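Only one structure is covered here, and it is reproduced in the block below.
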Amino acid sequence: MFNLLKIVKNTGDVTVKYPFAPLELMPAFRGKPEYDPKQCIACAACTMACPANALTMETDVKAGVRTWQLFVGRCIFCGRCEEVCPTHALTLSQMFELAVTNKVDLYERATFSLCNCRICNRPFAPRKEVEYVMALMVQAGIDANVVNTRRSLLETCPECRRRQNILDKNNIILNPQSIWRTDDDAE
Amino acid sequence: MTLNNSSETPKAAHFVPKLAEVDEASAKLKATLLHNIQRSAYVYRVDCGGCNGCEIEIFASITSLFDAERFGIKVVPSPRHADILVFTGSVTRAMRMPALRAFYGAPDPKICVSYGACGCGGGIFHDLYCVWGGSDKIVPIDVYIPGCPPTPGATIYGFAMALGLLGQKLKEKNHVEAEGDKSAVAHPGAPLDVRVKIERQARLLAGYVQGRQISDQFVDLLEKNDLQTMPQLIEDWCVKADDPRLRSIVTCLKETLDASLNGEAARG
């Protein structure tokens with residue numbers, strides 16, 4: 001009995017002080033995905049990786065915008081988005097106090113503009129993604145001025161690039177079911 | 001019947017969400033009681049078809065380590081005794097009626113908590129055929145606690161919020177891309193092909209998350225220092241970290257670096 005009391009005394013108080021003091025977390029604790037909209041290039045890699053569809057991306061071709069959305073309520077904090085993000089725009093933070101009274105507060109959105117093809121004038125990629133590709137080319141050792149002169153080529157959709165390389169191109173329709181086409185811009 | 005893919009209406013019209021009703025008098029009573037709560041709050045957990053992970057975390061938060069009972073939060077075995085109903089699980093077709101029976105069985109006024117990723121929005125089961133996708137489809141919810149499952153800390157925070165003791169931290173965010181926004185390239189000082197090779201090798205050896213952290217640190221060293229001092233800096237880093245796994249990974253990365261640099265020299 002006396003021995004037991006001694007053990008109790010030596011062990012002390014094990015209950016954490018939270019919420020009166022901050023909770024001690026492990027360094028690898030996975031909390032809310034922290035999003036940096038400035039770094040994001042709207043490539044949608046995270047939305048492909050997200051197993052719970054907490055991350056979604058919708059493209060509105062008519063308005064020329066792409067909307068990224070995080071619904072924290074569905075997030076399972078697996079960290080796959082952080083793994084696949086090519087620009088470090090998503091990192092899992094230590095934030096775990098996520099309870100809300102209003103469901104709307106669980107959403108985070110970001111809107112990005114699309115880049116129009118120079119030839120067919122249809123949006124084909126997010127503008128920031130094209131810019132990022134050009135920045136990577138500069139990093140890979142190509143002169144910045146040379147990259148800039150290639151801008152018109154880079155801002156052309158793959159379909160139009162292929163068409164430009166074909167002789168007698170006016171007779172051919174490539175990929176008529178392209179996802180970027182809308183009903184009213186049929187030729 | 002046509003299928004609709006819009007997010008507002010259910011994909012297949014096999015159910016129509018209808019909220020359980022709360023009469024005005026009890027809503028008013030709840031607001032008054034929450035304004036000045038002076039007693040314990042008893043919790044009953046309603047399993048609407050969860051995986052049991054949330055239940056385990058609820059019981060973890062009433063153990064001695066987190067001890068929710070010091071705030072008077074007690075888990076009770078019957079909805080008749082409950083002040084707070086905790087709905088876990090994504091509301092399967094079979095568990096909808098039992099959940100509603102528990103809801104109507106609890107005396108008014110009551111606080112409804114949507115617990116876990118499944119309760120908040122269906123979680124990973126949100127588009128299954130037999131799933132209603134969240135407890136807010138069947139009962140009026142006061143507090144949403146996301147997490148898969150929510151940690152005991154998040155649970156205590158959520159209950160404190162339900163009782164009006166702590167404030168909400170998360171807010172809705174809408175970012176709009178500014179004109180001329182550009183995302184920065186990582187490690188602009190290091191050659192791209194070397195960086196890619198090192199990152200691939202590190203991710204192969206240490207996994208995606210730790211691999212990236214190690215390669216980031218490695219390329220950072222490479223970027224800021226010249227090649228002659230690299231071996232010494234790597235040695236310092238390994239000694240400081242005192243981890244044989246890190247040492248072997250970093251040795252491999254150094255070999256990759258040397259190989260790619262020698263390859264470049266050989267090319268011309």
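Every chain in the structure tokens has a letter given in the order shown (A, B, ...), and although residue numbers restart at 1 in each chain, ligands are simply numbered from 1 in the order shown.
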
Polymer residues at most 10 Å from Asp60 of chain A, only C-alpha atoms, same-chain spacing of 5 or more positions, as a list of chain:residue names
A:Val65, A:Arg66, A:Thr67, A:Ser113, A:Leu114, A:Pro123, A:Trp180

Could you save the residues just selected, with C-alpha atoms, as a tab-separated table (two decimals), in the first residue's frame?
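Saved result, result.tsv, follows:
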```tsv
chain	number	residue	atom	x	y	z
A	65	VAL	CA	-11.13	30.42	-64.37
A	66	ARG	CA	-10.09	27.34	-62.44
A	67	THR	CA	-11.19	26.98	-58.83
A	113	SER	CA	-6.98	32.45	-64.42
A	114	LEU	CA	-6.49	30.31	-67.51
A	123	PRO	CA	-8.07	28.23	-72.63
A	180	TRP	CA	-11.51	22.47	-73.39
```

Could you pull out the strand (DSSP E or B) residues of segment 36-248 of chain B, going by DSSP on the backbone, and write them as a CSV table (one decimal) with C-alpha atoms, in the first residue's frame?
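selection.csv was written with the following content:
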```csv
chain,number,residue,atom,x,y,z
B,41,ALA,CA,-22.7,18.1,-19.9
B,42,TYR,CA,-23.4,14.5,-20.5
B,43,VAL,CA,-22.5,13.0,-23.9
B,44,TYR,CA,-24.1,10.2,-25.7
B,45,ARG,CA,-22.3,8.9,-28.9
B,46,VAL,CA,-24.5,7.8,-31.8
B,47,ASP,CA,-22.7,5.6,-34.2
B,73,ILE,CA,-18.0,16.0,-19.8
B,74,LYS,CA,-19.1,12.4,-19.2
B,75,VAL,CA,-20.1,9.7,-21.6
B,84,ILE,CA,-24.7,16.4,-26.2
B,85,LEU,CA,-25.3,13.9,-28.9
B,86,VAL,CA,-22.1,13.0,-30.9
B,87,PHE,CA,-22.9,11.6,-34.3
B,88,THR,CA,-20.0,9.6,-35.7
B,92,THR,CA,-25.4,4.6,-43.7
B,111,ILE,CA,-26.5,19.9,-28.6
B,112,CYS,CA,-25.7,17.9,-31.7
B,113,VAL,CA,-22.1,17.4,-32.7
B,114,SER,CA,-21.0,16.0,-36.1
B,115,TYR,CA,-17.8,14.1,-35.3
B,131,VAL,CA,-24.3,6.5,-47.6
B,143,VAL,CA,-20.7,21.9,-34.0
B,144,TYR,CA,-18.6,20.1,-36.7
B,145,ILE,CA,-15.4,18.4,-35.5
B,173,LYS,CA,-11.0,31.6,-47.0
B,174,ASN,CA,-11.3,32.8,-50.6
B,175,HIS,CA,-8.1,33.5,-52.5
B,176,VAL,CA,-8.2,35.1,-55.9
```

Using DSSP assignments from the backbone, pull out every residue in chain A that falls under alpha helix (DSSP H) and give it to me as a ChimeraX atom specification.
/A:2-11,45-49,80-84,127-139,144-149,151-154,158-164

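When only C-alpha atoms are used to compute distances to chain B, the closest of the residues A:Arg151, A:Arg30, A:Arg127, A:Arg109 turns out to be A:Arg109.
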
Contact set, chain B to chain A: 6 Å, only C-alpha atoms, as a PyMOL selection string:
chain B and resi 64-66+117+120-121+123-124+142-146+148+154+158+168+170-177+183+192+208-209

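Candidate residues B:Pro231, B:Ile62, B:Gly72, B:Thr251 were compared for distance to Ile198 of chain B, and the nearest is B:Thr251, using only C-alpha atoms.
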
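Coordinates place atom CA of Ile214 of chain B at a distance of 10.9 Å from atom CA of Trp237 of chain B.
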
So that I can see what lies close to Gly134 of chain B, please list as a PyMOL selection string the residues with an atom at most 8 Å from it, counting only C-alpha atoms and leaving out residues fewer than 4 positions away in the same chain.
chain B and resi 89-91+114+118-122+126

Let me see the file: selected residues, N, CA, C and O atoms, as a PDB file, in the first residue's frame.
```pdb
ATOM      1  N   GLY B  89     -19.588   8.669 -37.914  1.00  0.00           N
ATOM      2  CA  GLY B  89     -19.919   7.853 -39.084  1.00  0.00           C
ATOM      3  C   GLY B  89     -20.668   8.641 -40.134  1.00  0.00           C
ATOM      4  O   GLY B  89     -21.226   9.704 -39.874  1.00  0.00           O
ATOM      5  N   SER B  90     -20.684   8.105 -41.345  1.00  0.00           N
ATOM      6  CA  SER B  90     -21.179   8.864 -42.501  1.00  0.00           C
ATOM      7  C   SER B  90     -22.666   8.677 -42.747  1.00  0.00           C
ATOM      8  O   SER B  90     -23.156   9.045 -43.806  1.00  0.00           O
ATOM      9  N   VAL B  91     -23.420   8.143 -41.796  1.00  0.00           N
ATOM     10  CA  VAL B  91     -24.868   7.884 -41.887  1.00  0.00           C
ATOM     11  C   VAL B  91     -25.165   6.914 -43.037  1.00  0.00           C
ATOM     12  O   VAL B  91     -25.461   7.319 -44.174  1.00  0.00           O
ATOM     13  N   SER B 114     -21.331  16.900 -34.951  1.00  0.00           N
ATOM     14  CA  SER B 114     -20.953  16.037 -36.064  1.00  0.00           C
ATOM     15  C   SER B 114     -19.475  15.716 -35.887  1.00  0.00           C
ATOM     16  O   SER B 114     -18.644  16.612 -35.905  1.00  0.00           O
ATOM     17  N   CYS B 118     -16.228  11.656 -41.539  1.00  0.00           N
ATOM     18  CA  CYS B 118     -17.449  11.051 -42.085  1.00  0.00           C
ATOM     19  C   CYS B 118     -18.676  11.838 -41.669  1.00  0.00           C
ATOM     20  O   CYS B 118     -19.593  12.060 -42.458  1.00  0.00           O
ATOM     21  N   GLY B 119     -18.718  12.258 -40.402  1.00  0.00           N
ATOM     22  CA  GLY B 119     -19.863  13.000 -39.931  1.00  0.00           C
ATOM     23  C   GLY B 119     -19.962  14.373 -40.586  1.00  0.00           C
ATOM     24  O   GLY B 119     -21.054  14.860 -40.860  1.00  0.00           O
ATOM     25  N   CYS B 120     -18.816  15.010 -40.852  1.00  0.00           N
ATOM     26  CA  CYS B 120     -18.827  16.373 -41.400  1.00  0.00           C
ATOM     27  C   CYS B 120     -19.186  16.401 -42.879  1.00  0.00           C
ATOM     28  O   CYS B 120     -19.834  17.315 -43.339  1.00  0.00           O
ATOM     29  N   GLY B 121     -18.720  15.428 -43.627  1.00  0.00           N
ATOM     30  CA  GLY B 121     -19.014  15.519 -45.070  1.00  0.00           C
ATOM     31  C   GLY B 121     -18.980  14.176 -45.769  1.00  0.00           C
ATOM     32  O   GLY B 121     -18.754  14.103 -46.965  1.00  0.00           O
ATOM     33  N   GLY B 122     -19.168  13.109 -45.007  1.00  0.00           N
ATOM     34  CA  GLY B 122     -19.157  11.792 -45.637  1.00  0.00           C
ATOM     35  C   GLY B 122     -17.787  11.138 -45.671  1.00  0.00           C
ATOM     36  O   GLY B 122     -17.691   9.940 -45.887  1.00  0.00           O
ATOM     37  N   HIS B 126     -18.020   9.323 -48.933  1.00  0.00           N
ATOM     38  CA  HIS B 126     -19.069  10.284 -49.266  1.00  0.00           C
ATOM     39  C   HIS B 126     -19.876   9.924 -50.498  1.00  0.00           C
ATOM     40  O   HIS B 126     -21.031  10.309 -50.617  1.00  0.00           O
TER      41      HIS B 126
END
```

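Taking atom CA of Ala31 of chain B and atom CA of Ala102 of chain B as endpoints, the distance between them is 21.7 Å.
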
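Distances here use only C-alpha atoms; by that measure, the residue among A:Cys81, A:Met134, A:Pro158, A:Pro33 closest to Val146 of chain A is A:Met134.
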
Suppose you want the space between atom CA of Ile141 of chain B and atom CA of Ile58 of chain B; what is it in Å?
18.1 Å

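With only C-alpha atoms as the atoms that count, the residue of B:Arg212, B:Leu34, B:Pro149, B:Asp193 with the shortest distance to Met161 of chain B is B:Leu34.
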